[in-house]
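Presented below is the structure to which this report refers.
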Amino acid sequence: VYFAGDTAYHPGFGKIAAKHGPFDLVLLPVGAYEPRWLMGGVHMNPEDALTAYRDLCIAHPDVPPPSMLPIHWGTFRLTDEPVDEPPTRTLARWTEAGLPREALWLMAHGETRRRERRG
């Protein structure tokens, strides 16, 4: 499992995956991103999160891509985007990218999920 924490997009995600991956699950922040001129250096938006996800996958093309759990959204209003926008926008970008819906874990607060181990 890879937990990105509270971060902006940076070019090191691929290096992290190469050194510590492959991952079965990646937790990437998708909220608290507007206005971009202020928040872009400290928080990812959904588009940044998908770029980070691709970076985390590219180092290990021989294994199935990990599931992604979008985090850092909806608990309370921190920034200017609507509080419910991050998961909707994440799903839209995920779908546009042609990624498998079952690999995107959009969960309600308090929801639990179990994934069977690979291999």
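Here's how to read the names in the structure tokens: chain A, B, ... by the order shown, residue numbers from 1 in each chain, ligand numbers from 1 in the order shown.
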Write out as a PyMOL selection string which residues come within 6 Å of stretch 76-85 of chain A when counting only C-alpha atoms, dropping same-chain ones fewer than 3 positions away. chain A and resi 32+34+88-89
Those of stretch 7-57 of chain A in DSSP helix (DSSP H, G or I), formatted as JSON, numbers by chain: {"A": [13, 14, 15, 16, 17, 18, 19, 20, 36, 37, 38, 39, 46, 47, 48, 49, 50, 51, 52, 53, 54, 55, 56, 57]}
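Using only C-alpha atoms, the residues found no farther than 12 Å from A:Arg101, other than those of its own chain fewer than 4 positions away, are Pro66, Ser67, Met68, Leu69, Thr90, Leu91, Ala92, Arg93, Trp94, Thr95, Glu96, Ala97, Trp105 and Leu106 of chain A.
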Could those selected residues go to a file with N, CA and C atoms, as a CSV table (one decimal), in the first residue's frame?
chain,number,residue,atom,x,y,z
A,66,PRO,N,-2.5,-0.9,-9.6
A,66,PRO,CA,-3.1,-0.9,-8.3
A,66,PRO,C,-4.5,-0.3,-8.3
A,67,SER,N,-5.3,-0.5,-7.2
A,67,SER,CA,-6.5,0.2,-7.0
A,67,SER,C,-6.1,1.6,-6.4
A,68,MET,N,-7.0,2.6,-6.7
A,68,MET,CA,-6.7,3.9,-6.1
A,68,MET,C,-7.9,4.3,-5.2
A,69,LEU,N,-7.5,4.7,-4.0
A,69,LEU,CA,-8.4,5.2,-3.0
A,69,LEU,C,-8.2,6.7,-2.9
A,90,THR,N,-12.9,13.2,-9.9
A,90,THR,CA,-12.0,12.1,-10.0
A,90,THR,C,-12.6,11.0,-10.9
A,91,LEU,N,-13.8,10.7,-10.6
A,91,LEU,CA,-14.5,9.6,-11.4
A,91,LEU,C,-14.6,10.0,-12.9
A,92,ALA,N,-14.9,11.3,-13.2
A,92,ALA,CA,-15.0,11.7,-14.5
A,92,ALA,C,-13.6,11.6,-15.2
A,93,ARG,N,-12.6,12.0,-14.6
A,93,ARG,CA,-11.2,11.9,-15.2
A,93,ARG,C,-10.8,10.5,-15.4
A,94,TRP,N,-11.1,9.6,-14.4
A,94,TRP,CA,-10.8,8.2,-14.4
A,94,TRP,C,-11.5,7.5,-15.6
A,95,THR,N,-12.8,7.8,-15.8
A,95,THR,CA,-13.5,7.3,-16.9
A,95,THR,C,-13.0,7.7,-18.2
A,96,GLU,N,-12.7,9.0,-18.3
A,96,GLU,CA,-12.1,9.6,-19.6
A,96,GLU,C,-10.8,8.9,-19.9
A,97,ALA,N,-10.1,8.5,-18.9
A,97,ALA,CA,-8.8,7.9,-19.1
A,97,ALA,C,-8.9,6.4,-19.5
A,105,TRP,N,-11.6,3.2,-5.9
A,105,TRP,CA,-12.4,3.0,-4.7
A,105,TRP,C,-12.9,4.3,-4.2
A,106,LEU,N,-14.0,4.8,-4.7
A,106,LEU,CA,-14.7,6.0,-4.2
A,106,LEU,C,-15.5,5.5,-3.1
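Per DSSP on the backbone, strand (DSSP E) in chain A comprises A:Tyr2, A:Phe3, A:Leu25, A:Val26, A:Leu27, A:Leu28, A:Pro29, A:Ser67, A:Met68, A:Leu69, A:Pro70, A:Ile71.
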Hey, can you spit out that residue selection with all heavy atoms as an mmCIF file, in the first residue's frame?
data_model
loop_
_atom_site.group_PDB
_atom_site.id
_atom_site.type_symbol
_atom_site.label_atom_id
_atom_site.label_comp_id
_atom_site.auth_asym_id
_atom_site.auth_seq_id
_atom_site.Cartn_x
_atom_site.Cartn_y
_atom_site.Cartn_z
ATOM 1 N N TYR A 2 0.535 2.189 -0.857
ATOM 2 C CA TYR A 2 1.246 3.460 -0.886
ATOM 3 C C TYR A 2 0.294 4.556 -0.422
ATOM 4 O O TYR A 2 -0.781 4.747 -1.004
ATOM 5 C CB TYR A 2 1.770 3.773 -2.283
ATOM 6 C CG TYR A 2 2.388 5.147 -2.360
ATOM 7 C CD1 TYR A 2 3.574 5.421 -1.687
ATOM 8 C CD2 TYR A 2 1.780 6.173 -3.060
ATOM 9 C CE1 TYR A 2 4.136 6.687 -1.719
ATOM 10 C CE2 TYR A 2 2.341 7.434 -3.100
ATOM 11 C CZ TYR A 2 3.515 7.684 -2.429
ATOM 12 O OH TYR A 2 4.063 8.937 -2.462
ATOM 13 N N PHE A 3 0.673 5.282 0.616
ATOM 14 C CA PHE A 3 -0.084 6.402 1.156
ATOM 15 C C PHE A 3 0.684 7.678 0.851
ATOM 16 O O PHE A 3 1.764 7.897 1.394
ATOM 17 C CB PHE A 3 -0.271 6.218 2.667
ATOM 18 C CG PHE A 3 -0.929 7.385 3.343
ATOM 19 C CD1 PHE A 3 -2.249 7.699 3.084
ATOM 20 C CD2 PHE A 3 -0.222 8.152 4.246
ATOM 21 C CE1 PHE A 3 -2.856 8.779 3.720
ATOM 22 C CE2 PHE A 3 -0.812 9.222 4.886
ATOM 23 C CZ PHE A 3 -2.139 9.542 4.618
ATOM 24 N N LEU A 25 -2.501 -1.070 -3.698
ATOM 25 C CA LEU A 25 -3.446 0.011 -3.423
ATOM 26 C C LEU A 25 -2.653 1.292 -3.219
ATOM 27 O O LEU A 25 -1.629 1.286 -2.536
ATOM 28 C CB LEU A 25 -4.250 -0.302 -2.152
ATOM 29 C CG LEU A 25 -5.210 0.766 -1.633
ATOM 30 C CD1 LEU A 25 -6.350 1.004 -2.618
ATOM 31 C CD2 LEU A 25 -5.756 0.353 -0.266
ATOM 32 N N VAL A 26 -3.125 2.394 -3.825
ATOM 33 C CA VAL A 26 -2.509 3.693 -3.611
ATOM 34 C C VAL A 26 -3.575 4.653 -3.090
ATOM 35 O O VAL A 26 -4.686 4.695 -3.602
ATOM 36 C CB VAL A 26 -1.817 4.249 -4.876
ATOM 37 C CG1 VAL A 26 -0.682 3.331 -5.300
ATOM 38 C CG2 VAL A 26 -2.780 4.456 -6.023
ATOM 39 N N LEU A 27 -3.229 5.394 -2.047
ATOM 40 C CA LEU A 27 -4.109 6.400 -1.465
ATOM 41 C C LEU A 27 -3.561 7.757 -1.874
ATOM 42 O O LEU A 27 -2.440 8.114 -1.489
ATOM 43 C CB LEU A 27 -4.140 6.279 0.054
ATOM 44 C CG LEU A 27 -4.891 5.080 0.636
ATOM 45 C CD1 LEU A 27 -4.117 3.793 0.460
ATOM 46 C CD2 LEU A 27 -5.178 5.318 2.095
ATOM 47 N N LEU A 28 -4.337 8.466 -2.684
ATOM 48 C CA LEU A 28 -3.893 9.740 -3.223
ATOM 49 C C LEU A 28 -4.896 10.833 -2.887
ATOM 50 O O LEU A 28 -6.103 10.640 -3.055
ATOM 51 C CB LEU A 28 -3.721 9.651 -4.747
ATOM 52 C CG LEU A 28 -2.651 8.695 -5.243
ATOM 53 C CD1 LEU A 28 -2.713 8.569 -6.761
ATOM 54 C CD2 LEU A 28 -1.273 9.163 -4.809
ATOM 55 N N PRO A 29 -4.415 11.998 -2.463
ATOM 56 C CA PRO A 29 -5.320 13.102 -2.142
ATOM 57 C C PRO A 29 -5.909 13.712 -3.405
ATOM 58 O O PRO A 29 -5.218 13.856 -4.416
ATOM 59 C CB PRO A 29 -4.421 14.101 -1.407
ATOM 60 C CG PRO A 29 -3.046 13.819 -1.897
ATOM 61 C CD PRO A 29 -3.014 12.346 -2.204
ATOM 62 N N SER A 67 -5.259 -0.537 -7.229
ATOM 63 C CA SER A 67 -6.493 0.209 -6.993
ATOM 64 C C SER A 67 -6.100 1.573 -6.448
ATOM 65 O O SER A 67 -5.042 1.738 -5.842
ATOM 66 C CB SER A 67 -7.377 -0.521 -5.982
ATOM 67 O OG SER A 67 -7.816 -1.746 -6.518
ATOM 68 N N MET A 68 -6.974 2.554 -6.655
ATOM 69 C CA MET A 68 -6.728 3.890 -6.129
ATOM 70 C C MET A 68 -7.864 4.281 -5.192
ATOM 71 O O MET A 68 -9.035 4.161 -5.544
ATOM 72 C CB MET A 68 -6.636 4.920 -7.248
ATOM 73 C CG MET A 68 -6.435 6.339 -6.733
ATOM 74 S SD MET A 68 -6.297 7.508 -8.093
ATOM 75 C CE MET A 68 -7.041 8.954 -7.358
ATOM 76 N N LEU A 69 -7.485 4.733 -4.006
ATOM 77 C CA LEU A 69 -8.440 5.237 -3.030
ATOM 78 C C LEU A 69 -8.234 6.744 -2.914
ATOM 79 O O LEU A 69 -7.211 7.191 -2.388
ATOM 80 C CB LEU A 69 -8.226 4.563 -1.672
ATOM 81 C CG LEU A 69 -9.057 5.076 -0.504
ATOM 82 C CD1 LEU A 69 -10.545 4.939 -0.775
ATOM 83 C CD2 LEU A 69 -8.682 4.335 0.767
ATOM 84 N N PRO A 70 -9.157 7.551 -3.445
ATOM 85 C CA PRO A 70 -9.045 8.998 -3.313
ATOM 86 C C PRO A 70 -9.280 9.422 -1.858
ATOM 87 O O PRO A 70 -10.245 8.987 -1.229
ATOM 88 C CB PRO A 70 -10.149 9.543 -4.214
ATOM 89 C CG PRO A 70 -10.496 8.413 -5.134
ATOM 90 C CD PRO A 70 -10.263 7.175 -4.316
ATOM 91 N N ILE A 71 -8.400 10.263 -1.341
ATOM 92 C CA ILE A 71 -8.494 10.718 0.046
ATOM 93 C C ILE A 71 -8.421 12.247 0.095
ATOM 94 O O ILE A 71 -8.218 12.894 -0.927
ATOM 95 C CB ILE A 71 -7.377 10.113 0.919
ATOM 96 C CG1 ILE A 71 -5.992 10.527 0.390
ATOM 97 C CG2 ILE A 71 -7.497 8.594 0.988
ATOM 98 C CD1 ILE A 71 -4.839 10.204 1.333
#
Could you check which of A:Ala17, A:Leu104, A:Val1, A:Leu99 is closest to A:Leu56, using only C-alpha atoms? A:Ala17
From atom CA of A:His43 to atom CA of A:Asp6 the spacing works out at 6.7 Å
Can you work out which one of A:Ala18, A:Glu102, A:Gly5, A:Phe13 has the shortest atom-to-atom distance to A:Leu50, counting only C-alpha atoms? A:Phe13
